[in-house]
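start_33.txt follows; it contains compact mmCIF, C-alpha atoms.
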# COMPACT_ATOMS: atom_id res chain seq x y z
CA MET U 74 141.43 -114.69 -174.81
CA ASN U 75 140.34 -111.81 -172.63
CA LEU U 76 139.52 -112.95 -169.13
CA LYS U 77 136.67 -110.49 -168.54
CA ASN U 78 135.05 -111.36 -171.86
CA ALA U 79 135.05 -115.02 -170.85
CA PHE U 80 132.34 -114.18 -168.32
CA LEU U 81 130.01 -112.96 -171.07
CA GLY U 82 129.37 -116.60 -171.99
CA LEU U 83 128.01 -117.42 -168.52
CA ASP U 84 124.27 -117.75 -168.18
CA ASN U 85 123.82 -118.83 -164.61
CA TYR U 86 125.35 -118.36 -161.21
CA TYR U 87 127.30 -121.29 -159.73
CA SER U 88 127.88 -122.86 -163.14
CA PRO U 89 131.64 -123.09 -163.74
CA ARG U 90 132.73 -122.96 -167.36
CA ILE U 91 136.01 -124.46 -168.59
CA ILE U 92 137.75 -121.87 -170.78
CA GLY U 93 141.15 -123.47 -171.19
CA GLU U 94 143.71 -125.86 -169.83
CA VAL U 95 147.34 -125.68 -168.84
CA ASN U 96 149.05 -129.01 -168.25
CA ASP U 97 146.80 -131.09 -165.94
CA GLN U 98 144.79 -128.08 -164.76
CA TYR U 99 141.59 -126.51 -166.04
CA ILE U 100 141.11 -122.76 -166.21
CA LYS U 101 137.49 -121.99 -165.34
CA VAL U 102 135.32 -118.94 -164.86
CA VAL U 103 132.31 -118.83 -162.60
CA LYS U 104 130.03 -116.13 -161.23
CA ILE U 105 128.29 -116.40 -157.92
CA LYS U 106 125.87 -114.29 -155.92
CA GLY U 107 124.62 -115.39 -152.54
CA GLN U 108 125.20 -118.36 -150.31
CA GLU U 109 124.51 -121.57 -152.21
CA VAL U 110 127.83 -123.41 -152.26
CA PRO U 111 127.73 -126.22 -149.69
CA TRP U 112 130.58 -126.92 -147.28
CA HIS U 113 132.95 -129.29 -149.06
CA ASN U 114 136.59 -130.13 -149.63
CA HIS U 115 138.79 -131.52 -152.37
CA GLU U 116 140.65 -134.40 -150.79
CA SER U 117 143.77 -134.32 -152.96
CA GLU U 118 143.56 -131.09 -154.93
CA ASP U 119 144.39 -127.44 -154.31
CA GLU U 120 142.15 -124.78 -155.83
CA LEU U 121 143.19 -121.29 -156.94
CA PHE U 122 140.67 -118.42 -156.77
CA TYR U 123 141.38 -115.15 -158.63
CA ILE U 124 138.81 -112.38 -158.26
CA VAL U 125 138.01 -110.54 -161.49
CA GLU U 126 135.11 -108.46 -160.11
CA GLY U 127 133.53 -108.14 -156.69
CA SER U 128 134.59 -109.71 -153.45
CA LEU U 129 134.43 -113.26 -152.12
CA LEU U 130 133.96 -114.57 -148.61
CA ILE U 131 135.86 -117.81 -148.06
CA GLU U 132 134.80 -119.61 -144.90
CA ILE U 133 137.32 -122.22 -143.81
CA GLU U 134 136.72 -124.82 -141.09
CA ASN U 135 138.65 -124.03 -137.89
CA GLN U 136 140.21 -120.90 -139.39
CA GLU U 137 139.29 -117.25 -139.62
CA ASN U 138 137.19 -116.22 -142.57
CA ILE U 139 139.00 -114.68 -145.51
CA VAL U 140 137.64 -111.97 -147.79
CA ILE U 141 139.38 -111.51 -151.13
CA GLN U 142 138.72 -108.62 -153.50
CA LYS U 143 139.14 -107.82 -157.18
CA GLY U 144 142.75 -108.48 -158.18
CA ASP U 145 143.44 -110.84 -155.27
CA PHE U 146 144.15 -114.52 -155.51
CA TYR U 147 144.08 -117.26 -152.90
CA VAL U 148 145.11 -120.90 -153.04
CA LEU U 149 142.96 -123.17 -150.91
CA LYS U 150 145.04 -126.21 -150.05
CA LYS U 151 143.69 -129.71 -150.52
CA GLY U 152 141.63 -131.43 -147.86
CA ILE U 153 140.35 -128.27 -146.16
CA ASN U 154 136.60 -127.90 -145.60
CA HIS U 155 135.36 -124.62 -147.00
CA ARG U 156 132.50 -122.78 -148.66
CA VAL U 157 132.44 -119.54 -150.64
CA SER U 158 129.76 -116.87 -150.96
CA SER U 159 129.25 -113.23 -151.88
CA LYS U 160 126.47 -110.73 -151.18
CA GLU U 161 126.94 -109.01 -154.54
CA GLU U 162 127.83 -110.64 -157.85
CA CYS U 163 131.40 -111.93 -157.84
CA LEU U 164 133.35 -113.04 -160.94
CA ILE U 165 136.00 -115.67 -160.23
CA MET U 166 138.69 -117.40 -162.27
CA LEU U 167 139.59 -120.84 -160.96
CA ILE U 168 142.65 -122.98 -161.61
CA GLU U 169 142.11 -126.53 -160.50
CA SER U 170 143.07 -130.09 -161.41
CA LYS U 171 141.08 -131.66 -164.23
CA THR U 172 139.92 -134.26 -161.73
CA THR U 173 138.45 -131.72 -159.28
CA GLU U 174 134.72 -131.99 -158.51
CA HIS U 175 133.58 -128.44 -157.86
CA THR U 176 131.54 -129.27 -154.77
CA GLY U 177 133.85 -132.10 -153.74
CA LYS U 178 132.04 -135.28 -152.73
CA VAL U 179 129.01 -133.23 -151.66
CA LYS U 180 126.14 -133.20 -154.12
CA SER U 181 123.81 -130.21 -154.05
CA HIS U 182 121.41 -128.47 -156.43
CA ILE U 183 124.34 -126.47 -157.87
CA THR U 184 126.60 -129.47 -158.55
CA LYS U 185 127.74 -129.80 -162.17
CA SER U 186 129.72 -132.62 -163.78
CA ILE U 187 132.90 -131.81 -165.71
CA ASP U 188 130.97 -132.36 -168.96
CA GLU U 189 128.38 -129.81 -167.83
CA GLN U 190 131.24 -127.32 -167.33
CA LYS U 191 132.20 -127.56 -171.03
CA TYR U 192 129.77 -125.10 -172.62
CA MET H 110 147.60 -111.95 -152.04
CA ASN H 111 147.02 -109.11 -154.44
CA LEU H 112 148.40 -109.91 -157.87
CA LYS H 113 149.52 -106.36 -158.73
CA ASN H 114 151.26 -105.97 -155.38
CA ALA H 115 153.23 -109.14 -156.08
CA PHE H 116 155.14 -107.19 -158.74
CA LEU H 117 156.41 -104.71 -156.13
CA GLY H 118 158.87 -107.37 -154.96
CA LEU H 119 160.53 -107.62 -158.37
CA ASP H 120 163.88 -105.93 -158.75
CA ASN H 121 164.93 -106.89 -162.26
CA TYR H 122 163.44 -107.58 -165.65
CA TYR H 123 163.39 -111.20 -166.85
CA SER H 124 163.66 -112.57 -163.31
CA PRO H 125 160.58 -114.71 -162.62
CA ARG H 126 159.50 -114.88 -158.97
CA ILE H 127 157.51 -117.78 -157.56
CA ILE H 128 154.60 -116.36 -155.55
CA GLY H 129 152.55 -119.47 -154.94
CA GLU H 130 151.69 -122.95 -156.04
CA VAL H 131 148.55 -124.82 -156.96
CA ASN H 132 148.88 -128.59 -157.23
CA ASP H 133 151.94 -129.33 -159.43
CA GLN H 134 152.08 -125.83 -160.89
CA TYR H 135 153.90 -122.69 -159.81
CA ILE H 136 152.32 -119.26 -159.95
CA LYS H 137 155.00 -116.76 -160.97
CA VAL H 138 155.24 -113.07 -161.73
CA VAL H 139 157.78 -111.56 -164.07
CA LYS H 140 158.30 -108.17 -165.68
CA ILE H 141 159.99 -107.73 -169.01
CA LYS H 142 160.99 -104.83 -171.23
CA GLY H 143 162.69 -105.35 -174.55
CA GLN H 144 163.82 -108.35 -176.51
CA GLU H 145 166.08 -110.54 -174.38
CA VAL H 146 164.26 -113.85 -174.11
CA PRO H 147 165.90 -116.39 -176.45
CA TRP H 148 163.91 -118.68 -178.72
CA HIS H 149 163.11 -121.79 -176.69
CA ASN H 150 160.47 -124.40 -175.99
CA HIS H 151 159.28 -126.50 -173.10
CA GLU H 152 159.25 -130.05 -174.39
CA SER H 153 156.52 -131.47 -172.18
CA GLU H 154 154.96 -128.48 -170.47
CA ASP H 155 152.31 -125.90 -171.35
CA GLU H 156 152.76 -122.34 -170.11
CA LEU H 157 150.00 -119.86 -169.26
CA PHE H 158 150.62 -116.11 -169.72
CA TYR H 159 148.23 -113.59 -168.12
CA ILE H 160 148.94 -109.91 -168.76
CA VAL H 161 148.56 -107.68 -165.70
CA GLU H 162 149.95 -104.49 -167.32
CA GLY H 163 151.19 -103.64 -170.80
CA SER H 164 151.20 -105.81 -173.87
CA LEU H 165 153.26 -108.82 -174.90
CA LEU H 166 154.44 -109.94 -178.32
CA ILE H 167 154.57 -113.74 -178.57
CA GLU H 168 156.52 -114.94 -181.60
CA ILE H 169 155.78 -118.57 -182.42
CA GLU H 170 157.73 -120.65 -184.92
CA ASN H 171 155.78 -121.28 -188.12
CA GLN H 172 152.76 -119.33 -186.87
CA GLU H 173 151.59 -115.76 -186.95
CA ASN H 174 152.74 -113.53 -184.12
CA ILE H 175 150.31 -112.98 -181.28
CA VAL H 176 149.96 -109.78 -179.26
CA ILE H 177 148.17 -110.06 -175.93
CA GLN H 178 147.13 -107.07 -173.82
CA LYS H 179 146.27 -106.33 -170.21
CA GLY H 180 143.55 -108.72 -169.05
CA ASP H 181 144.27 -111.31 -171.77
CA PHE H 182 145.62 -114.77 -171.20
CA TYR H 183 147.20 -117.25 -173.59
CA VAL H 184 148.26 -120.86 -173.14
CA LEU H 185 151.33 -121.80 -175.13
CA LYS H 186 151.21 -125.54 -175.70
CA LYS H 187 154.20 -127.74 -174.97
CA GLY H 188 156.93 -128.30 -177.54
CA ILE H 189 156.38 -125.09 -179.51
CA ASN H 190 159.37 -122.83 -180.18
CA HIS H 191 158.65 -119.28 -179.08
CA ARG H 192 160.04 -116.10 -177.63
CA VAL H 193 158.33 -113.17 -175.93
CA SER H 194 159.16 -109.47 -175.89
CA SER H 195 157.65 -106.04 -175.26
CA LYS H 196 158.69 -102.53 -176.22
CA GLU H 197 157.30 -101.07 -173.00
CA GLU H 198 157.32 -102.64 -169.56
CA CYS H 199 154.99 -105.64 -169.38
CA LEU H 200 153.86 -107.36 -166.16
CA ILE H 201 153.01 -111.04 -166.59
CA MET H 202 151.62 -113.75 -164.36
CA LEU H 203 152.72 -117.25 -165.38
CA ILE H 204 151.24 -120.62 -164.48
CA GLU H 205 153.60 -123.43 -165.32
CA SER H 206 154.68 -126.86 -164.11
CA LYS H 207 157.13 -126.89 -161.22
CA THR H 208 159.57 -128.67 -163.54
CA THR H 209 159.50 -125.94 -166.21
CA GLU H 210 162.83 -124.26 -167.04
CA HIS H 211 161.92 -120.70 -167.97
CA THR H 212 164.15 -120.57 -171.05
CA GLY H 213 163.73 -124.28 -171.83
CA LYS H 214 166.99 -126.08 -172.60
CA VAL H 215 168.48 -122.81 -173.91
CA LYS H 216 170.86 -121.08 -171.51
CA SER H 217 171.24 -117.31 -171.88
CA HIS H 218 172.26 -114.38 -169.68
CA ILE H 219 168.70 -114.15 -168.35
CA THR H 220 168.36 -117.83 -167.39
CA LYS H 221 167.48 -118.42 -163.73
CA SER H 222 167.26 -121.72 -161.86
CA ILE H 223 164.10 -122.57 -159.92
CA ASP H 224 165.96 -121.74 -156.68
CA GLU H 225 166.81 -118.31 -158.07
CA GLN H 226 163.10 -117.78 -158.72
CA LYS H 227 162.33 -118.17 -154.99
CA TYR H 228 163.05 -114.68 -153.66
Can you turn what I pasted into structure tokens?
Amino acid sequence: MNLKNAFLGLDNYYSPRIIGEVNDQYIKVVKIKGQEVPWHNHESEDELFYIVEGSLLIEIENQENIVIQKGDFYVLKKGINHRVSSKEECLIMLIESKTTEHTGKVKSHITKSIDEQKY
Amino acid sequence: MNLKNAFLGLDNYYSPRIIGEVNDQYIKVVKIKGQEVPWHNHESEDELFYIVEGSLLIEIENQENIVIQKGDFYVLKKGINHRVSSKEECLIMLIESKTTEHTGKVKSHITKSIDEQKY
């Protein structure tokens, strides 16, 4: 499967889509634009971000902000409070445990269940 | 970390390098050129291939060959005999379990231990 083409199936921002799995991890694509992801963490799970287009601001509690660009990846370690945003459209591939809730224990208007990420 | 830049640290073909980890998986980069990977399988582990440059021939026992190109990814499911090769240089990112032996139970002149993949 072509990674860029996987984004063609996305209708909405902030709606992760599961496009595959490797061992106990899901491979997901998501597009975002703006600042709608709430501060959250994943208590026991790391999360890999790989930027396919655009750039992503990762704000991390008690650390300096990080900006990653097209072609960069970043692994956010478990248990760290964070939120992500982007002024322009940003296309992201995620690798995360099958158990990971995409906004952690925080529920917001963008929160989707794992079943809602299978489309 | 920029994914393409991660390949600058590679000296040799067929020598995977661990560049990160996400949960119980390693993120590795490897470059190959030619046909030196022996037929092998990973009994209990899937393996994700993502092509950063070039194209990769994946031969799979009892299935049609697959060719994946720059920007494509493919998950080879556990237990399936396979080998990979490329006529021209091919840069690959791998996601695989920390326990995965890169040539399975087959030992060949290219086989590297996990410790040898940490450079």
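The gap separating CA of Ile105 in chain U from CA of Lys180 in chain U is 17.4 Å, in Å to one decimal.
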What are the nearest atom pairs, with distances in Å to one decimal, for all residues of chain H that come at most 8 Å from chain U, using only C-alpha atoms, set out by chain and rising residue number as CSV?
residue,atom,partner,partner_atom,distance
H:Met110,CA,U:Asp145,CA,5.4
H:Asn111,CA,U:Asp145,CA,4.1
H:Leu112,CA,U:Asp145,CA,5.7
H:Lys113,CA,U:Gly144,CA,7.1
H:Gly129,CA,U:Val148,CA,7.8
H:Glu130,CA,U:Val148,CA,7.5
H:Val131,CA,U:Asp119,CA,5.6
H:Asn132,CA,U:Asp119,CA,5.5
H:Glu154,CA,U:Asn96,CA,6.3
H:Asp155,CA,U:Asn96,CA,5.5
H:Glu156,CA,U:Val95,CA,6.5
H:Leu157,CA,U:Val95,CA,6.4
H:Gly180,CA,U:Asn75,CA,5.7
H:Asp181,CA,U:Asn75,CA,4.1
H:Phe182,CA,U:Met74,CA,5.5
H:Tyr183,CA,U:Met74,CA,6.4
H:Val184,CA,U:Val95,CA,6.5
H:Lys186,CA,U:Val95,CA,7.9
H:Ile204,CA,U:Val95,CA,7.7
H:Glu205,CA,U:Val95,CA,7.5
H:Ser206,CA,U:Asn96,CA,7.3
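Using all atoms listed in the file, the shortest contact distance between Arg156 in chain U and any of U:Asn135, U:Thr172, U:Thr184, U:Asn114 is found at U:Asn114.
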Among listed residues H:Gln144, H:Lys196, H:Ile219, H:Val139, nearest Ile127 in chain H (using all atoms listed in the file):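 Of the candidates, the smallest distance to Ile127 in chain H is held by H:Val139.
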Distance of CA of Lys140 in chain H from CA of Ser164 in chain H, expressed in Å to one decimal place: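 Spanning CA of Ser164 in chain H to CA of Lys140 in chain H is a straight-line distance of 11.1 Å.
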Separation of CA of Val176 in chain H from CA of Lys214 in chain H in Å: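 According to the coordinates, CA of Lys214 in chain H and CA of Val176 in chain H are separated by 24.5 Å.
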All residues 8 Å or closer to Pro147 in chain H, only C-alpha atoms, same chain fewer than 3 positions away omitted, as a ChimeraX atom specification: /H:192,212,215,217
Could you work out an axis-aligned bounding box for all listed atoms of range 117-129 of chain H, with 5 Å added on each of the six sides, and give its centre and edge lengths in Å to one decimal, as JSON?
{"center_x": 158.7, "center_y": -112.1, "center_z": -160.9, "size_x": 22.4, "size_y": 24.8, "size_z": 21.9}
Minimum-distance residue to Tyr228 in chain H, chosen among H:Ile128, H:Met202, H:Leu165, H:Leu117 (using only C-alpha atoms): H:Ile128
